[in-house]
file data30.csv (CSV, C-alpha atoms and all ligand atoms)
chain,number,residue,atom,x,y,z
A,1,MET,CA,132.6,80.6,209.4
A,2,ASN,CA,135.8,79.8,211.4
A,3,ARG,CA,136.5,80.8,215.0
A,4,ALA,CA,138.5,84.0,214.2
A,5,GLU,CA,135.8,85.2,211.8
A,6,LYS,CA,133.2,84.6,214.4
A,7,GLU,CA,135.0,86.6,217.0
A,8,ALA,CA,135.6,89.5,214.7
A,9,TYR,CA,131.9,89.5,213.8
A,10,LEU,CA,130.8,89.5,217.5
A,11,ARG,CA,133.2,92.4,218.3
A,12,LYS,CA,131.9,94.4,215.4
A,13,TYR,CA,128.3,93.6,216.5
A,14,GLU,CA,129.0,94.8,220.1
A,15,LEU,CA,130.4,98.1,218.8
A,16,LEU,CA,127.4,98.7,216.5
A,17,LYS,CA,125.0,97.9,219.2
A,18,LYS,CA,126.6,100.5,221.5
A,19,GLU,CA,126.3,103.2,218.9
A,20,GLY,CA,122.9,102.5,217.6
A,21,LYS,CA,119.3,102.9,218.7
A,22,PRO,CA,117.1,99.9,219.5
A,23,PHE,CA,114.7,98.6,216.8
A,24,PHE,CA,111.7,99.1,219.1
A,25,PRO,CA,110.4,101.8,219.3
A,26,TYR,CA,112.5,103.8,216.9
A,27,ALA,CA,112.4,101.8,213.6
A,28,VAL,CA,108.9,100.5,214.3
A,29,MET,CA,107.6,104.0,214.7
A,30,LYS,CA,109.2,105.2,211.5
A,31,ASP,CA,107.9,102.1,209.5
A,32,SER,CA,104.4,102.5,211.0
A,33,THR,CA,104.2,106.2,210.1
A,34,MET,CA,105.2,105.6,206.6
A,35,ALA,CA,102.9,102.6,206.2
A,36,LEU,CA,100.0,104.7,207.4
A,37,ILE,CA,100.8,107.5,205.0
A,38,VAL,CA,100.9,105.1,202.0
A,39,VAL,CA,97.6,103.5,203.0
A,40,LEU,CA,96.0,107.0,203.4
A,41,MET,CA,97.3,108.0,199.9
A,42,ILE,CA,95.7,104.9,198.4
A,43,VAL,CA,92.4,105.5,200.1
A,44,LEU,CA,92.5,109.2,199.0
A,45,MET,CA,93.3,108.2,195.4
A,46,ALA,CA,90.5,105.6,195.4
A,47,LEU,CA,88.1,108.3,196.7
A,48,VAL,CA,89.2,111.1,194.3
A,49,LEU,CA,90.1,109.1,191.1
A,50,GLY,CA,87.8,106.0,191.5
A,51,ALA,CA,88.6,102.5,190.3
A,52,GLU,CA,88.8,101.6,186.6
A,53,VAL,CA,86.0,99.3,185.5
A,54,GLY,CA,86.8,97.2,182.3
A,55,PRO,CA,84.3,96.5,179.5
A,56,LYS,CA,81.2,94.5,180.5
A,57,ALA,CA,81.8,90.7,180.6
A,58,ASP,CA,80.4,88.9,177.5
A,59,PRO,CA,79.6,85.2,178.3
A,60,THR,CA,79.0,84.4,174.7
A,61,THR,CA,82.4,85.4,173.3
A,62,THR,CA,84.4,82.8,171.5
A,63,THR,CA,87.4,85.0,170.7
A,64,TYR,CA,88.3,86.2,174.2
A,65,THR,CA,91.8,85.3,175.2
A,66,PRO,CA,92.2,84.8,179.0
A,67,ARG,CA,95.5,86.0,180.3
A,68,PRO,CA,97.0,86.3,183.8
A,69,GLU,CA,98.8,89.5,184.9
A,70,TRP,CA,102.2,89.8,183.2
A,71,TYR,CA,104.2,88.9,186.3
A,72,PHE,CA,102.5,85.5,186.2
A,73,PHE,CA,103.3,84.8,182.5
A,74,PHE,CA,106.2,82.5,183.5
A,75,LEU,CA,103.9,80.2,185.6
A,76,PHE,CA,101.2,80.5,182.9
A,77,GLU,CA,103.7,79.4,180.3
A,78,VAL,CA,104.9,76.4,182.4
A,79,LEU,CA,101.2,75.4,182.8
A,80,ARG,CA,100.6,75.9,179.1
A,81,VAL,CA,103.5,73.7,177.8
A,82,ILE,CA,103.0,70.9,180.3
A,83,LYS,CA,100.5,68.5,178.7
A,84,PRO,CA,100.2,65.4,180.9
A,85,SER,CA,97.7,66.3,183.6
A,86,TYR,CA,99.6,64.4,186.3
A,87,LEU,CA,102.6,66.7,185.9
A,88,VAL,CA,100.6,69.9,186.4
A,89,PRO,CA,100.5,69.9,190.2
A,90,LEU,CA,104.2,69.1,190.3
A,91,ALA,CA,105.1,72.0,188.0
A,92,THR,CA,102.7,74.7,189.4
A,93,ILE,CA,102.9,73.8,193.1
A,94,GLY,CA,105.8,71.4,193.5
A,95,VAL,CA,108.6,73.3,191.9
A,96,PRO,CA,107.8,76.8,193.3
A,97,THR,CA,107.4,75.3,196.8
A,98,ILE,CA,110.7,73.5,196.6
A,99,GLY,CA,112.3,76.8,195.4
A,100,MET,CA,110.9,78.7,198.4
A,101,VAL,CA,111.9,76.0,200.9
A,102,VAL,CA,115.4,76.1,199.5
A,103,LEU,CA,115.5,79.9,199.9
A,104,LEU,CA,114.2,79.6,203.5
A,105,LEU,CA,116.9,77.1,204.3
A,106,LEU,CA,119.6,79.0,202.5
A,107,PRO,CA,121.0,80.7,205.7
A,108,PHE,CA,121.5,77.2,207.3
A,109,PHE,CA,123.4,75.6,204.5
A,110,ASP,CA,125.3,78.6,203.0
A,111,ARG,CA,127.1,79.8,206.2
A,112,GLY,CA,130.1,81.4,204.4
A,113,PRO,CA,130.8,85.1,205.5
A,114,GLU,CA,131.6,86.1,201.8
A,115,ARG,CA,129.3,88.8,200.5
A,116,ARG,CA,131.0,89.9,197.2
A,117,PRO,CA,129.1,88.5,194.2
A,118,GLU,CA,132.3,87.6,192.3
A,119,ARG,CA,133.4,85.4,195.2
A,120,ARG,CA,130.1,83.4,195.2
A,121,PRO,CA,130.1,81.6,191.9
A,122,ILE,CA,127.4,79.0,192.8
A,123,ALA,CA,124.9,81.5,194.2
A,124,MET,CA,125.5,83.8,191.2
A,125,THR,CA,125.2,81.0,188.6
A,126,VAL,CA,121.9,79.9,190.2
A,127,LEU,CA,120.7,83.6,190.3
A,128,VAL,CA,121.5,84.2,186.6
A,129,LEU,CA,120.0,80.9,185.5
A,130,THR,CA,116.8,81.5,187.5
A,131,VAL,CA,116.3,85.1,186.2
A,132,ALA,CA,117.2,84.0,182.6
A,133,SER,CA,114.7,81.1,182.6
A,134,MET,CA,111.9,83.3,184.2
A,135,ALA,CA,112.6,86.0,181.6
A,136,TYR,CA,112.4,83.4,178.8
A,137,LEU,CA,109.2,81.9,180.1
A,138,THR,CA,107.7,85.4,180.6
A,139,LEU,CA,108.4,86.3,177.0
A,140,LYS,CA,107.0,83.0,175.7
A,141,GLY,CA,103.9,83.4,177.8
A,142,ALA,CA,103.4,87.0,176.6
A,143,VAL,CA,103.4,86.0,172.9
A,144,ALA,CA,101.4,82.7,173.3
A,145,GLY,CA,98.4,82.4,171.0
A,146,PRO,CA,94.8,82.2,172.3
A,147,PRO,CA,93.6,78.9,173.7
A,148,SER,CA,91.4,78.4,170.7
A,149,ALA,CA,94.4,78.6,168.3
A,150,ILE,CA,95.3,75.5,166.3
A,151,ASP,CA,99.0,75.0,166.0
A,152,VAL,CA,98.9,72.9,162.8
A,153,LYS,CA,100.7,74.0,159.7
A,154,VAL,CA,98.4,74.0,156.6
A,155,ALA,CA,98.6,75.3,153.1
A,156,PRO,CA,97.3,78.9,152.8
A,157,GLN,CA,94.0,77.9,151.1
A,158,TYR,CA,93.0,75.9,154.3
A,159,GLU,CA,93.7,78.8,156.7
A,160,PRO,CA,90.1,80.2,156.6
A,161,GLY,CA,88.7,76.8,157.5
A,162,LYS,CA,91.2,76.4,160.3
A,163,LEU,CA,90.1,79.8,161.7
A,164,VAL,CA,86.4,78.8,161.6
A,165,VAL,CA,87.2,75.5,163.4
A,166,ALA,CA,89.3,77.5,166.0
A,167,GLN,CA,86.5,80.0,166.6
A,168,SER,CA,83.4,77.7,166.5
A,169,GLY,CA,84.0,75.8,169.8
A,170,CYS,CA,85.0,72.5,168.0
A,171,LEU,CA,88.0,72.2,170.3
A,172,ALA,CA,85.7,71.9,173.4
A,173,CYS,CA,84.9,68.4,172.2
A,174,HIS,CA,87.7,67.4,169.7
A,175,ARG,CA,91.4,67.2,169.9
A,176,LEU,CA,93.4,68.5,167.0
A,177,GLY,CA,97.2,68.2,167.2
A,178,ASP,CA,98.3,69.6,170.5
A,179,ASN,CA,95.1,71.6,171.0
A,180,GLY,CA,91.6,70.9,172.2
A,181,ASN,CA,90.0,68.4,174.6
A,182,ALA,CA,90.4,64.6,174.2
A,183,GLY,CA,86.6,64.0,174.2
A,184,PRO,CA,83.7,63.5,173.9
A,185,GLY,CA,84.3,63.8,170.1
A,186,PRO,CA,86.9,61.7,168.2
A,187,GLU,CA,90.3,63.2,167.5
A,188,LEU,CA,90.4,65.3,164.3
A,189,THR,CA,94.2,65.4,163.8
A,190,HIS,CA,94.1,62.9,160.9
A,191,ILE,CA,90.4,63.1,160.1
A,192,GLY,CA,91.0,63.5,156.4
A,193,ALA,CA,92.8,60.1,156.3
A,194,ARG,CA,89.9,58.5,158.1
A,195,ILE,CA,86.7,59.7,156.3
A,196,PRO,CA,86.2,61.5,153.0
A,197,ARG,CA,85.2,65.2,152.6
A,198,ASN,CA,81.5,64.5,152.0
A,199,ALA,CA,81.3,62.4,155.2
A,200,ILE,CA,82.8,65.3,157.1
A,201,LEU,CA,80.1,67.6,155.6
A,202,ARG,CA,77.4,65.1,156.6
A,203,SER,CA,78.7,65.0,160.2
A,204,LEU,CA,78.7,68.8,160.3
A,205,ALA,CA,75.2,69.0,159.1
A,206,ALA,CA,73.8,66.1,161.1
A,207,GLY,CA,75.6,66.8,164.4
A,208,PRO,CA,75.9,63.2,165.5
A,209,GLY,CA,75.4,62.3,169.2
A,210,VAL,CA,76.0,65.3,171.5
A,211,MET,CA,77.6,67.3,168.7
A,212,PRO,CA,75.4,70.3,167.6
A,213,SER,CA,74.4,70.6,164.0
A,214,PHE,CA,76.3,73.2,162.0
A,215,GLN,CA,73.8,73.1,159.2
A,216,ASP,CA,73.0,76.8,159.7
A,217,PHE,CA,76.6,77.9,158.9
A,218,PRO,CA,76.9,79.9,155.7
A,219,PRO,CA,77.8,77.4,152.9
A,220,LYS,CA,81.2,79.1,152.3
A,221,LYS,CA,82.1,78.5,156.0
A,222,LEU,CA,81.0,74.9,155.9
A,223,ASN,CA,83.0,74.3,152.7
A,224,ASP,CA,86.1,76.0,154.3
A,225,VAL,CA,85.8,73.7,157.3
A,226,ALA,CA,85.4,70.6,155.2
A,227,ASP,CA,88.4,71.6,153.0
A,228,PHE,CA,90.5,72.1,156.0
A,229,LEU,CA,89.5,68.9,157.8
A,230,ALA,CA,89.8,66.8,154.6
A,231,SER,CA,93.3,68.1,154.2
A,232,LEU,CA,94.4,66.7,157.6
A,233,LYS,CA,95.8,63.4,156.4
A,301,LIG,C1,79.5,69.2,172.1
A,301,LIG,C2,80.7,68.6,171.6
A,301,LIG,C3,81.0,68.7,170.1
A,301,LIG,C4,81.3,69.9,169.5
A,301,LIG,C5,81.2,71.3,170.0
A,301,LIG,C6,81.7,69.5,168.1
A,301,LIG,N1,81.7,68.2,168.0
A,301,LIG,FE1,82.2,67.1,166.4
A,301,LIG,N2,81.7,65.4,167.3
A,301,LIG,C7,81.3,65.3,168.6
A,301,LIG,C8,81.0,63.9,168.9
A,301,LIG,C9,80.6,63.3,170.3
A,301,LIG,C10,81.2,63.2,167.7
A,301,LIG,C11,81.1,61.7,167.5
A,301,LIG,C12,79.6,61.4,167.5
A,301,LIG,C13,79.3,59.9,167.2
A,301,LIG,O1,80.0,59.4,166.3
A,301,LIG,O2,78.4,59.4,167.8
A,301,LIG,C14,81.6,64.1,166.7
A,301,LIG,C15,81.9,63.8,165.4
A,301,LIG,C16,82.5,64.7,164.5
A,301,LIG,C17,83.0,64.3,163.2
A,301,LIG,C18,83.0,63.0,162.6
A,301,LIG,C19,84.2,62.2,163.1
A,301,LIG,C20,84.3,60.8,162.7
A,301,LIG,O3,85.3,60.2,163.0
A,301,LIG,O4,83.3,60.3,162.1
A,301,LIG,C21,83.5,65.5,162.7
A,301,LIG,C22,84.2,65.6,161.3
A,301,LIG,C23,83.3,66.5,163.6
A,301,LIG,N3,82.7,66.0,164.8
A,301,LIG,C24,83.7,67.8,163.4
A,301,LIG,C25,83.4,68.9,164.3
A,301,LIG,C26,83.7,70.3,163.9
A,301,LIG,C27,84.3,70.8,162.7
A,301,LIG,C28,83.1,71.0,165.0
A,301,LIG,C29,83.1,72.5,165.1
A,301,LIG,C30,82.5,73.2,164.0
A,301,LIG,C31,82.6,70.0,166.0
A,301,LIG,N4,82.8,68.8,165.5
A,301,LIG,C32,82.0,70.4,167.2
A,301,LIG,C33,81.2,66.3,169.6
A,301,LIG,C34,81.3,67.6,169.2
call {"tool": "encode", "arguments": {"input": "data30.csv", "output": "structure tokens", "more": "lines below"}}
Ligand code: HEC
result
Amino acid sequence: MNRAEKEAYLRKYELLKKEGKPFFPYAVMKDSTMALIVVLMIVLMALVLGAEVGPKADPTTTTYTPRPEWYFFFLFEVLRVIKPSYLVPLATIGVPTIGMVVLLLLPFFDRGPERRPERRPIAMTVLVLTVASMAYLTLKGAVAGPPSAIDVKVAPQYEPGKLVVAQSGCLACHRLGDNGNAGPGPELTHIGARIPRNAILRSLAAGPGVMPSFQDFPPKKLNDVADFLASLK
């Protein structure tokens, strides 16, 4: 802001100040009254309508898909696609914090008097890019598969086995492609190239080490799993 602009601004400010009413108590009174009405409305609605209670929690479910509220989908998606664990704090705490600090400091480094959007190309570009990337991440987060899903392309006849593996808790101990935990079990991504189908069946029945035995699975399920794993070359 140059000297002439500053003087023009101060003159306008003086004029407005003479015409207007002070913030305290006029505006404060109005705001407080409205806030009180809103809170009373919420209390009244809670008393009359009650709060919705969802279905009872089932701790044994293996098909439940945990999801945040939709307005957190963009952060959820960032967290989902970032695999290396040392980058997670940077993405979830670092980047949003930097963004907020930049916003707080904005009045100090953007001191131009211009208010029209078409005369502020940098601010508008940043705004459009931010909104577009948040919209894209929100959309991706909304259509993301459940955490038990296995993102590995297989021939149609191996899909049933893939589903059984996804829903039987195998990923809690095994990594398969981009899904599952890195231990305590060995990676299954190329298990078919490492051991033959009957060895896979033996492991499933025996439950080596900490792995539970899956001997009680119906034979069709066991065979589907073995077919699927043996196809992972
Ligand atoms: C509690 C953790 C756990 C779960 C759940 C689990 N596993 Fe395992 N699995 C292991 C461990 C640990 C080993 C290695 C044991 C050893 O060799 O001593 C293993 C070994 C295997 C092997 C043999 C791998 C090799 O290289 O020899 C196969 C195949 C296998 N698991 C498949 C499965 C499938 C399929 C499921 C789900 C139906 C499953 N596992 C569930 C922990 C687990």
call {"tool": "atom_distance", "arguments": {"input": "data30.csv", "atom1": "atom CA of Ala132 of chain A", "atom2": "atom CA of Pro117 of chain A"}}
result
17.2 Å
call {"tool": "residues_near_ligand", "arguments": {"input": "data30.csv", "ligand": "ligand LIG 301 (chain A)", "cutoff": "10 Å", "atoms": "all atoms listed in the file", "output": "ChimeraX atom specification"}}
result
/A:161-162,164-175,181,183-188,190-192,194-215,217,221-222,225-226,228-230
call {"tool": "residues_near_point", "arguments": {"input": "data30.csv", "point": "(92.6, 76.0, 152.3)", "cutoff": "9 Å", "atoms": "all atoms listed in the file", "output": "mmCIF file with C-alpha atoms, in the coordinates of the input"}}
result
data_model
loop_
_atom_site.group_PDB
_atom_site.id
_atom_site.type_symbol
_atom_site.label_atom_id
_atom_site.label_comp_id
_atom_site.auth_asym_id
_atom_site.auth_seq_id
_atom_site.Cartn_x
_atom_site.Cartn_y
_atom_site.Cartn_z
ATOM 1 C CA VAL A 154 98.400 74.000 156.600
ATOM 2 C CA ALA A 155 98.600 75.300 153.100
ATOM 3 C CA PRO A 156 97.300 78.900 152.800
ATOM 4 C CA GLN A 157 94.000 77.900 151.100
ATOM 5 C CA TYR A 158 93.000 75.900 154.300
ATOM 6 C CA GLU A 159 93.700 78.800 156.700
ATOM 7 C CA PRO A 160 90.100 80.200 156.600
ATOM 8 C CA GLY A 161 88.700 76.800 157.500
ATOM 9 C CA LYS A 162 91.200 76.400 160.300
ATOM 10 C CA ASP A 224 86.100 76.000 154.300
ATOM 11 C CA VAL A 225 85.800 73.700 157.300
ATOM 12 C CA ASP A 227 88.400 71.600 153.000
ATOM 13 C CA PHE A 228 90.500 72.100 156.000
ATOM 14 C CA SER A 231 93.300 68.100 154.200
#
call {"tool": "atom_distance", "arguments": {"input": "data30.csv", "atom1": "atom CA of Gly141 of chain A", "atom2": "atom CA of Phe76 of chain A"}}
result
6.5 Å
call {"tool": "atom_distance", "arguments": {"input": "data30.csv", "atom1": "atom CA of Thr65 of chain A", "atom2": "atom CA of Ala144 of chain A"}}
result
10.1 Å
call {"tool": "residues_around", "arguments": {"input": "data30.csv", "residues": "segment 87-101 of chain A", "least_positions_apart": "6", "cutoff": "8 Å", "atoms": "all atoms listed in the file", "output": "PDB file with C-alpha atoms, in the coordinates of the input"}}
result
ATOM      1  CA  LEU A  75     103.900  80.200 185.600  1.00  0.00           C
ATOM      2  CA  VAL A  78     104.900  76.400 182.400  1.00  0.00           C
ATOM      3  CA  LEU A  79     101.200  75.400 182.800  1.00  0.00           C
TER       4      LEU A  79
END
call {"tool": "closest_residue", "arguments": {"input": "data30.csv", "among": "A:Leu163, A:Ala135, A:Val102, A:Val143", "to": "Tyr71 of chain A", "atoms": "all atoms listed in the file"}}
result
A:Ala135
call {"tool": "closest_residue", "arguments": {"input": "data30.csv", "among": "A:Ala142, A:Met45, A:Val28, A:Leu36", "to": "Arg67 of chain A", "atoms": "all atoms listed in the file"}}
result
A:Ala142
call {"tool": "closest_residue", "arguments": {"input": "data30.csv", "among": "A:Leu176, A:Arg80, A:Gly20, A:Ala182", "to": "Pro68 of chain A", "atoms": "all atoms listed in the file"}}
result
A:Arg80
